[in-house]
$ cat coords.cif   # mmCIF, C-alpha atoms
data_input
#
loop_
_atom_site.group_PDB
_atom_site.id
_atom_site.type_symbol
_atom_site.label_atom_id
_atom_site.label_comp_id
_atom_site.auth_asym_id
_atom_site.auth_seq_id
_atom_site.Cartn_x
_atom_site.Cartn_y
_atom_site.Cartn_z
ATOM 1 C CA MET A 1 -10.345 0.382 -15.727
ATOM 2 C CA GLU A 2 -8.342 -2.771 -15.034
ATOM 3 C CA LYS A 3 -11.075 -4.572 -13.088
ATOM 4 C CA ALA A 4 -14.166 -3.522 -15.009
ATOM 5 C CA VAL A 5 -13.353 -2.317 -18.517
ATOM 6 C CA ILE A 6 -10.501 -4.761 -19.138
ATOM 7 C CA GLY A 7 -11.229 -7.406 -16.493
ATOM 8 C CA LEU A 8 -14.850 -7.903 -17.534
ATOM 9 C CA ASN A 9 -13.928 -7.231 -21.177
ATOM 10 C CA LEU A 10 -16.541 -4.480 -21.387
ATOM 11 C CA CYS A 11 -14.447 -2.922 -24.115
ATOM 12 C CA PRO A 12 -12.567 -5.565 -26.076
ATOM 13 C CA PHE A 13 -10.415 -2.818 -27.622
ATOM 14 C CA ALA A 14 -9.181 -1.306 -24.345
ATOM 15 C CA LYS A 15 -6.596 -3.860 -23.282
ATOM 16 C CA ALA A 16 -4.353 -3.440 -26.341
ATOM 17 C CA VAL A 17 -3.928 0.333 -25.967
ATOM 18 C CA TYR A 18 -3.711 0.082 -22.181
ATOM 19 C CA VAL A 19 -0.872 -2.457 -22.126
ATOM 20 C CA LYS A 20 0.997 -0.423 -24.783
ATOM 21 C CA ASP A 21 0.668 2.641 -22.496
ATOM 22 C CA GLN A 22 -1.240 4.561 -25.174
ATOM 23 C CA VAL A 23 -3.999 5.735 -22.824
ATOM 24 C CA ARG A 24 -3.496 9.264 -21.568
ATOM 25 C CA ILE A 25 -5.281 10.003 -18.298
ATOM 26 C CA VAL A 26 -5.621 13.692 -17.478
ATOM 27 C CA VAL A 27 -7.134 14.769 -14.174
ATOM 28 C CA SER A 28 -8.510 18.279 -14.392
ATOM 29 C CA ASP A 29 -8.370 20.527 -11.367
ATOM 30 C CA ALA A 30 -10.467 23.250 -13.004
ATOM 31 C CA ARG A 31 -12.564 25.198 -10.539
ATOM 32 C CA HIS A 32 -15.404 25.897 -12.952
ATOM 33 C CA ILE A 33 -16.901 24.579 -16.170
ATOM 34 C CA ASP A 34 -15.079 27.140 -18.333
ATOM 35 C CA GLY A 35 -11.753 25.912 -16.965
ATOM 36 C CA PHE A 36 -12.730 22.311 -17.643
ATOM 37 C CA LEU A 37 -13.676 23.210 -21.206
ATOM 38 C CA GLU A 38 -10.247 24.825 -21.619
ATOM 39 C CA ASP A 39 -8.728 21.521 -20.458
ATOM 40 C CA LEU A 40 -10.898 19.756 -23.024
ATOM 41 C CA ASP A 41 -9.685 22.127 -25.758
ATOM 42 C CA ARG A 42 -6.055 21.359 -24.846
ATOM 43 C CA GLU A 43 -6.691 17.615 -24.872
ATOM 44 C CA LEU A 44 -8.484 17.731 -28.218
ATOM 45 C CA ASP A 45 -5.533 19.640 -29.681
ATOM 46 C CA HIS A 46 -3.049 17.239 -28.079
ATOM 47 C CA LEU A 47 -4.783 14.124 -29.343
ATOM 48 C CA ALA A 48 -5.148 15.584 -32.835
ATOM 49 C CA ALA A 49 -1.422 16.394 -32.965
ATOM 50 C CA VAL A 50 0.207 13.398 -31.276
ATOM 51 C CA ASP A 51 1.117 10.145 -33.017
ATOM 52 C CA PRO A 52 -1.476 7.452 -32.182
ATOM 53 C CA GLU A 53 1.402 5.106 -31.321
ATOM 54 C CA VAL A 54 2.242 7.497 -28.478
ATOM 55 C CA THR A 55 -1.307 8.356 -27.351
ATOM 56 C CA ASP A 56 -4.225 6.562 -28.882
ATOM 57 C CA THR A 57 -6.941 7.784 -26.544
ATOM 58 C CA THR A 58 -7.435 10.226 -23.672
ATOM 59 C CA LEU A 59 -9.509 10.066 -20.517
ATOM 60 C CA LEU A 60 -10.267 13.553 -19.181
ATOM 61 C CA VAL A 61 -11.377 13.183 -15.568
ATOM 62 C CA HIS A 62 -12.685 15.660 -13.017
ATOM 63 C CA PRO A 63 -13.154 14.241 -9.523
ATOM 64 C CA THR A 64 -15.366 16.973 -8.045
ATOM 65 C CA LEU A 65 -16.788 19.426 -10.582
ATOM 66 C CA PHE A 66 -19.746 17.390 -11.863
ATOM 67 C CA PRO A 67 -21.533 15.588 -9.028
ATOM 68 C CA ASP A 68 -24.900 15.715 -10.823
ATOM 69 C CA PHE A 69 -25.224 13.294 -13.739
ATOM 70 C CA LEU A 70 -27.795 15.380 -15.623
ATOM 71 C CA ASP A 71 -25.559 18.461 -15.482
ATOM 72 C CA PHE A 72 -22.629 16.365 -16.707
ATOM 73 C CA ASN A 73 -24.792 14.889 -19.441
ATOM 74 C CA ASP A 74 -25.601 18.434 -20.609
ATOM 75 C CA LEU A 75 -21.867 19.169 -20.653
ATOM 76 C CA THR A 76 -21.296 16.283 -23.072
ATOM 77 C CA GLN A 77 -23.288 18.171 -25.704
ATOM 78 C CA ILE A 78 -20.921 21.121 -25.286
ATOM 79 C CA ALA A 79 -17.972 18.720 -25.528
ATOM 80 C CA ASP A 80 -19.332 17.349 -28.803
ATOM 81 C CA GLU A 81 -19.617 20.916 -30.093
ATOM 82 C CA ALA A 82 -15.967 21.468 -29.132
ATOM 83 C CA VAL A 83 -14.996 18.544 -31.375
ATOM 84 C CA SER A 84 -16.721 20.350 -34.253
ATOM 85 C CA GLU A 85 -15.144 23.699 -33.350
ATOM 86 C CA HIS A 86 -11.720 22.046 -33.517
ATOM 87 C CA GLU A 87 -12.683 20.659 -36.949
ATOM 88 C CA LEU A 88 -12.249 17.119 -35.633
ATOM 89 C CA ASP A 89 -15.588 15.676 -36.752
ATOM 90 C CA GLY A 90 -14.826 12.275 -38.228
ATOM 91 C CA VAL A 91 -11.457 12.275 -36.448
ATOM 92 C CA LEU A 92 -12.381 12.197 -32.749
ATOM 93 C CA GLN A 93 -15.504 11.397 -30.804
ATOM 94 C CA ILE A 94 -16.382 11.562 -27.128
ATOM 95 C CA ALA A 95 -17.915 8.961 -24.844
ATOM 96 C CA SER A 96 -19.010 9.919 -21.349
ATOM 97 C CA PHE A 97 -18.811 8.076 -18.036
ATOM 98 C CA HIS A 98 -20.136 9.152 -14.646
ATOM 99 C CA PRO A 99 -20.604 7.564 -11.190
ATOM 100 C CA ASP A 100 -24.375 7.986 -11.563
ATOM 101 C CA PHE A 101 -24.682 7.295 -15.283
ATOM 102 C CA GLN A 102 -28.224 6.311 -16.191
ATOM 103 C CA PHE A 103 -29.537 5.262 -19.567
ATOM 104 C CA GLU A 104 -32.875 6.735 -20.552
ATOM 105 C CA GLY A 105 -35.696 4.396 -19.559
ATOM 106 C CA THR A 106 -33.776 2.618 -16.778
ATOM 107 C CA GLU A 107 -33.990 2.831 -13.013
ATOM 108 C CA ALA A 108 -30.993 4.390 -11.236
ATOM 109 C CA ASP A 109 -29.984 1.053 -9.704
ATOM 110 C CA ASP A 110 -30.270 -0.933 -12.957
ATOM 111 C CA ILE A 111 -27.015 -2.876 -13.303
ATOM 112 C CA THR A 112 -26.847 -2.136 -17.044
ATOM 113 C CA ASN A 113 -26.104 1.516 -16.220
ATOM 114 C CA TYR A 114 -22.752 0.319 -14.880
ATOM 115 C CA THR A 115 -21.461 -0.149 -18.433
ATOM 116 C CA ASN A 116 -21.006 3.650 -18.437
ATOM 117 C CA ARG A 117 -20.224 4.232 -14.785
ATOM 118 C CA SER A 118 -16.836 5.318 -13.578
ATOM 119 C CA PRO A 119 -15.419 6.420 -10.234
ATOM 120 C CA TYR A 120 -15.356 10.040 -11.461
ATOM 121 C CA PRO A 121 -16.990 12.028 -14.265
ATOM 122 C CA THR A 122 -14.917 11.268 -17.345
ATOM 123 C CA LEU A 123 -14.847 12.237 -20.994
ATOM 124 C CA HIS A 124 -13.224 9.594 -23.181
ATOM 125 C CA LEU A 125 -11.695 11.159 -26.296
ATOM 126 C CA ILE A 126 -11.492 8.449 -28.933
ATOM 127 C CA ARG A 127 -9.881 8.387 -32.355
ATOM 128 C CA GLU A 128 -12.425 7.279 -34.942
ATOM 129 C CA ALA A 129 -9.668 5.540 -36.922
ATOM 130 C CA SER A 130 -8.961 3.397 -33.855
ATOM 131 C CA ILE A 131 -12.628 2.513 -33.582
ATOM 132 C CA ASP A 132 -12.708 1.601 -37.271
ATOM 133 C CA ARG A 133 -9.667 -0.688 -36.914
ATOM 134 C CA ALA A 134 -11.099 -2.318 -33.804
ATOM 135 C CA VAL A 135 -14.477 -2.901 -35.437
ATOM 136 C CA GLU A 136 -12.772 -4.556 -38.410
ATOM 137 C CA ALA A 137 -10.914 -6.882 -36.052
ATOM 138 C CA PHE A 138 -13.896 -7.653 -33.838
ATOM 139 C CA PRO A 139 -16.730 -9.533 -35.508
ATOM 140 C CA GLU A 140 -20.185 -8.213 -34.689
ATOM 141 C CA ALA A 141 -18.883 -5.159 -32.828
ATOM 142 C CA GLU A 142 -22.422 -3.786 -32.716
ATOM 143 C CA MET A 143 -23.241 -6.589 -30.259
ATOM 144 C CA ILE A 144 -20.732 -5.373 -27.632
ATOM 145 C CA TYR A 145 -23.328 -3.150 -25.967
ATOM 146 C CA GLU A 146 -25.834 -5.995 -25.598
ATOM 147 C CA ARG A 147 -23.149 -8.443 -24.476
ATOM 148 C CA ASN A 148 -21.992 -5.964 -21.820
ATOM 149 C CA MET A 149 -25.502 -5.559 -20.460
ATOM 150 C CA GLU A 150 -25.881 -9.349 -20.265
ATOM 151 C CA THR A 151 -22.486 -9.675 -18.550
ATOM 152 C CA LEU A 152 -23.544 -7.172 -15.905
ATOM 153 C CA ARG A 153 -26.992 -8.729 -15.450
ATOM 154 C CA THR A 154 -25.300 -12.064 -14.822
ATOM 155 C CA LEU A 155 -22.765 -10.476 -12.453
ATOM 156 C CA GLY A 156 -25.341 -8.389 -10.556
ATOM 157 C CA ILE A 157 -24.649 -5.703 -7.976
ATOM 158 C CA ALA A 158 -23.332 -8.282 -5.497
ATOM 159 C CA GLY A 159 -20.862 -9.611 -8.069
ATOM 160 C CA TRP A 160 -19.833 -6.070 -8.961
ATOM 161 C CA LYS A 161 -19.118 -5.310 -5.306
ATOM 162 C CA ALA A 162 -17.327 -8.674 -4.871
ATOM 163 C CA LEU A 163 -14.849 -7.564 -7.525
ATOM 164 C CA GLY A 164 -14.061 -4.594 -5.296
ATOM 165 C CA LEU A 165 -15.809 -2.187 -7.634
ATOM 166 C CA SER A 166 -17.604 0.701 -6.031
ATOM 167 C CA THR A 167 -21.196 1.691 -6.390
ATOM 168 C CA PRO A 168 -22.162 5.339 -6.123
ATOM 169 C CA LYS A 169 -23.488 6.590 -2.810
ATOM 170 C CA ARG A 170 -27.088 7.768 -2.948
ATOM 171 C CA ASP A 171 -28.529 10.609 -0.915
ATOM 172 C CA GLY A 172 -28.870 9.520 2.700
ATOM 173 C CA GLU A 173 -26.423 6.578 2.383
ATOM 174 C CA ALA A 174 -23.357 6.354 4.573
#
$ encode --input "coords.cif" --output "structure tokens"
Amino acid sequence: MEKAVIGLNLCPFAKAVYVKDQVRIVVSDARHIDGFLEDLDRELDHLAAVDPEVTDTTLLVHPTLFPDFLDFNDLTQIADEAVSEHELDGVLQIASFHPDFQFEGTEADDITNYTNRSPYPTLHLIREASIDRAVEAFPEAEMIYERNMETLRTLGIAGWKALGLSTPKRDGEA
């Protein structure tokens, strides 16, 4: 998070909550998807109840349960349904990150996929009010996505690695 998200300014809103220690990072040790979804339920409830000055956003991470990106991507639909079940539509939303994240229509090694790559599968639970405030403060917020892709194209895989950031191992790689 420090080197990529904040260091490359991929999310211009991240630094403020990070330095104020308002980012909650929860590492799930669930042994199956149902257990992970229970962890998600707890984190949705926690974020809905806690003062944003204490916890503004939550990263729910599982280091081993979701090695396949497509399976994890399917899980994100269930996670979005959980937001609705908790009656948090319009209050919270979820962004997903995965070591093998791939946007539709891109090749697996396309550097632009790295805007949503993370060391481990992660669900980012975000307060919509925080997004609204950040968008008000950041002119042309809709351009962040395009700016991030250009930043990564300029950096390239070699630049990414030079920053000490990992790239996912592919089948057959050591």
$ atom_distance --input "coords.cif" --atom1 "atom CA of A:Gly90" --atom2 "atom CA of A:Arg42"
18.4 Å
$ closest_residue --input "coords.cif" --among "A:Met1, A:Leu165, A:Ala49, A:Ala16" --to "A:Thr122" --atoms "all atoms listed in the file"
A:Met1
$ resolve_selection --input "coords.cif" --expression "the PyMOL selection byres ((chain A and resi 47) around 12)" --output "PyMOL selection string"
chain A and resi 22-26+40-46+48-60+83+86+88+91-93+124-128
$ atom_distance --input "coords.cif" --atom1 "atom CA of A:Arg133" --atom2 "atom CA of A:Ile94"
17.1 Å
$ residues_around --input "coords.cif" --residues "A:Ala141" --least-positions-apart "5" --cutoff "12 Å" --atoms "all atoms listed in the file" --output "list of chain:residue names"
A:Leu10, A:Cys11, A:Pro12, A:Phe13, A:Ile131, A:Asp132, A:Arg133, A:Ala134, A:Val135, A:Glu136, A:Glu146, A:Arg147, A:Asn148
$ closest_residue --input "coords.cif" --among "A:Lys15, A:His98, A:Lys161, A:Lys3" --to "A:Thr64" --atoms "all atoms listed in the file"
A:His98
$ closest_residue --input "coords.cif" --among "A:Leu163, A:Ile6, A:Leu123, A:Ile111" --to "A:Ser28" --atoms "all atoms listed in the file"
A:Leu123
$ atom_distance --input "coords.cif" --atom1 "atom CA of A:Ile33" --atom2 "atom CA of A:Ser96"
15.7 Å
$ axis_aligned_box --input "coords.cif" --around "stretch 71-84 of chain A" --padding-each-side "3 Å" --output "JSON"
{"center_x": -20.3, "center_y": 18.2, "center_z": -24.9, "size_x": 16.6, "size_y": 12.6, "size_z": 24.8}
$ build_atoms --input "coords.cif" --residues "stretch 29-54 of chain A" --atoms "N, CA, C and O atoms" --output "compact mmCIF listing (two decimals), in the coordinates of the input"
# COMPACT_ATOMS: atom_id res chain seq x y z
N ASP A 29 -8.11 19.89 -12.66
CA ASP A 29 -8.37 20.53 -11.37
C ASP A 29 -9.08 21.88 -11.56
O ASP A 29 -9.03 22.75 -10.70
N ALA A 30 -9.74 22.01 -12.71
CA ALA A 30 -10.47 23.25 -13.00
C ALA A 30 -11.47 23.54 -11.89
O ALA A 30 -12.08 22.63 -11.34
N ARG A 31 -11.65 24.80 -11.62
CA ARG A 31 -12.56 25.20 -10.54
C ARG A 31 -13.95 25.54 -11.05
O ARG A 31 -14.86 25.77 -10.26
N HIS A 32 -14.11 25.58 -12.38
CA HIS A 32 -15.40 25.90 -12.95
C HIS A 32 -15.49 25.26 -14.33
O HIS A 32 -14.48 24.80 -14.88
N ILE A 33 -16.68 25.25 -14.88
CA ILE A 33 -16.90 24.58 -16.17
C ILE A 33 -16.04 25.19 -17.27
O ILE A 33 -15.48 24.45 -18.09
N ASP A 34 -15.90 26.52 -17.29
CA ASP A 34 -15.08 27.14 -18.33
C ASP A 34 -13.65 26.62 -18.30
O ASP A 34 -13.04 26.35 -19.34
N GLY A 35 -13.11 26.45 -17.10
CA GLY A 35 -11.75 25.91 -16.96
C GLY A 35 -11.67 24.47 -17.45
O GLY A 35 -10.69 24.07 -18.10
N PHE A 36 -12.70 23.70 -17.16
CA PHE A 36 -12.73 22.31 -17.64
C PHE A 36 -12.80 22.28 -19.17
O PHE A 36 -12.12 21.45 -19.81
N LEU A 37 -13.58 23.17 -19.74
CA LEU A 37 -13.68 23.21 -21.21
C LEU A 37 -12.35 23.64 -21.83
O LEU A 37 -12.00 23.18 -22.92
N GLU A 38 -11.59 24.49 -21.14
CA GLU A 38 -10.25 24.82 -21.62
C GLU A 38 -9.35 23.59 -21.59
O GLU A 38 -8.55 23.36 -22.51
N ASP A 39 -9.48 22.78 -20.52
CA ASP A 39 -8.73 21.52 -20.46
C ASP A 39 -9.14 20.61 -21.62
O ASP A 39 -8.28 19.97 -22.24
N LEU A 40 -10.42 20.57 -21.91
CA LEU A 40 -10.90 19.76 -23.02
C LEU A 40 -10.29 20.25 -24.34
O LEU A 40 -9.82 19.44 -25.15
N ASP A 41 -10.28 21.56 -24.54
CA ASP A 41 -9.68 22.13 -25.76
C ASP A 41 -8.23 21.68 -25.90
O ASP A 41 -7.80 21.27 -26.97
N ARG A 42 -7.47 21.77 -24.80
CA ARG A 42 -6.06 21.36 -24.85
C ARG A 42 -5.92 19.88 -25.19
O ARG A 42 -5.05 19.49 -25.97
N GLU A 43 -6.79 19.05 -24.62
CA GLU A 43 -6.69 17.61 -24.87
C GLU A 43 -7.12 17.25 -26.29
O GLU A 43 -6.56 16.35 -26.90
N LEU A 44 -8.10 17.95 -26.82
CA LEU A 44 -8.48 17.73 -28.22
C LEU A 44 -7.32 18.08 -29.14
O LEU A 44 -6.98 17.31 -30.05
N ASP A 45 -6.68 19.23 -28.87
CA ASP A 45 -5.53 19.64 -29.68
C ASP A 45 -4.39 18.63 -29.55
O ASP A 45 -3.74 18.28 -30.53
N HIS A 46 -4.13 18.20 -28.32
CA HIS A 46 -3.05 17.24 -28.08
C HIS A 46 -3.29 15.94 -28.84
O HIS A 46 -2.41 15.45 -29.54
N LEU A 47 -4.48 15.40 -28.71
CA LEU A 47 -4.78 14.12 -29.34
C LEU A 47 -4.75 14.24 -30.87
O LEU A 47 -4.31 13.32 -31.56
N ALA A 48 -5.18 15.38 -31.39
CA ALA A 48 -5.15 15.58 -32.84
C ALA A 48 -3.71 15.68 -33.35
O ALA A 48 -3.44 15.28 -34.49
N ALA A 49 -2.79 16.16 -32.53
CA ALA A 49 -1.42 16.39 -32.97
C ALA A 49 -0.47 15.22 -32.71
O ALA A 49 0.48 15.03 -33.45
N VAL A 50 -0.74 14.44 -31.68
CA VAL A 50 0.21 13.40 -31.28
C VAL A 50 0.03 12.12 -32.11
O VAL A 50 -1.07 11.81 -32.55
N ASP A 51 1.13 11.43 -32.31
CA ASP A 51 1.12 10.14 -33.02
C ASP A 51 0.26 9.14 -32.23
O ASP A 51 0.46 8.99 -31.02
N PRO A 52 -0.65 8.43 -32.88
CA PRO A 52 -1.48 7.45 -32.18
C PRO A 52 -0.66 6.36 -31.50
O PRO A 52 -1.11 5.76 -30.52
N GLU A 53 0.54 6.10 -31.98
CA GLU A 53 1.40 5.11 -31.32
C GLU A 53 1.89 5.60 -29.96
O GLU A 53 2.26 4.80 -29.12
N VAL A 54 1.86 6.92 -29.77
CA VAL A 54 2.24 7.50 -28.48
C VAL A 54 1.01 7.61 -27.58
O VAL A 54 1.02 7.16 -26.43
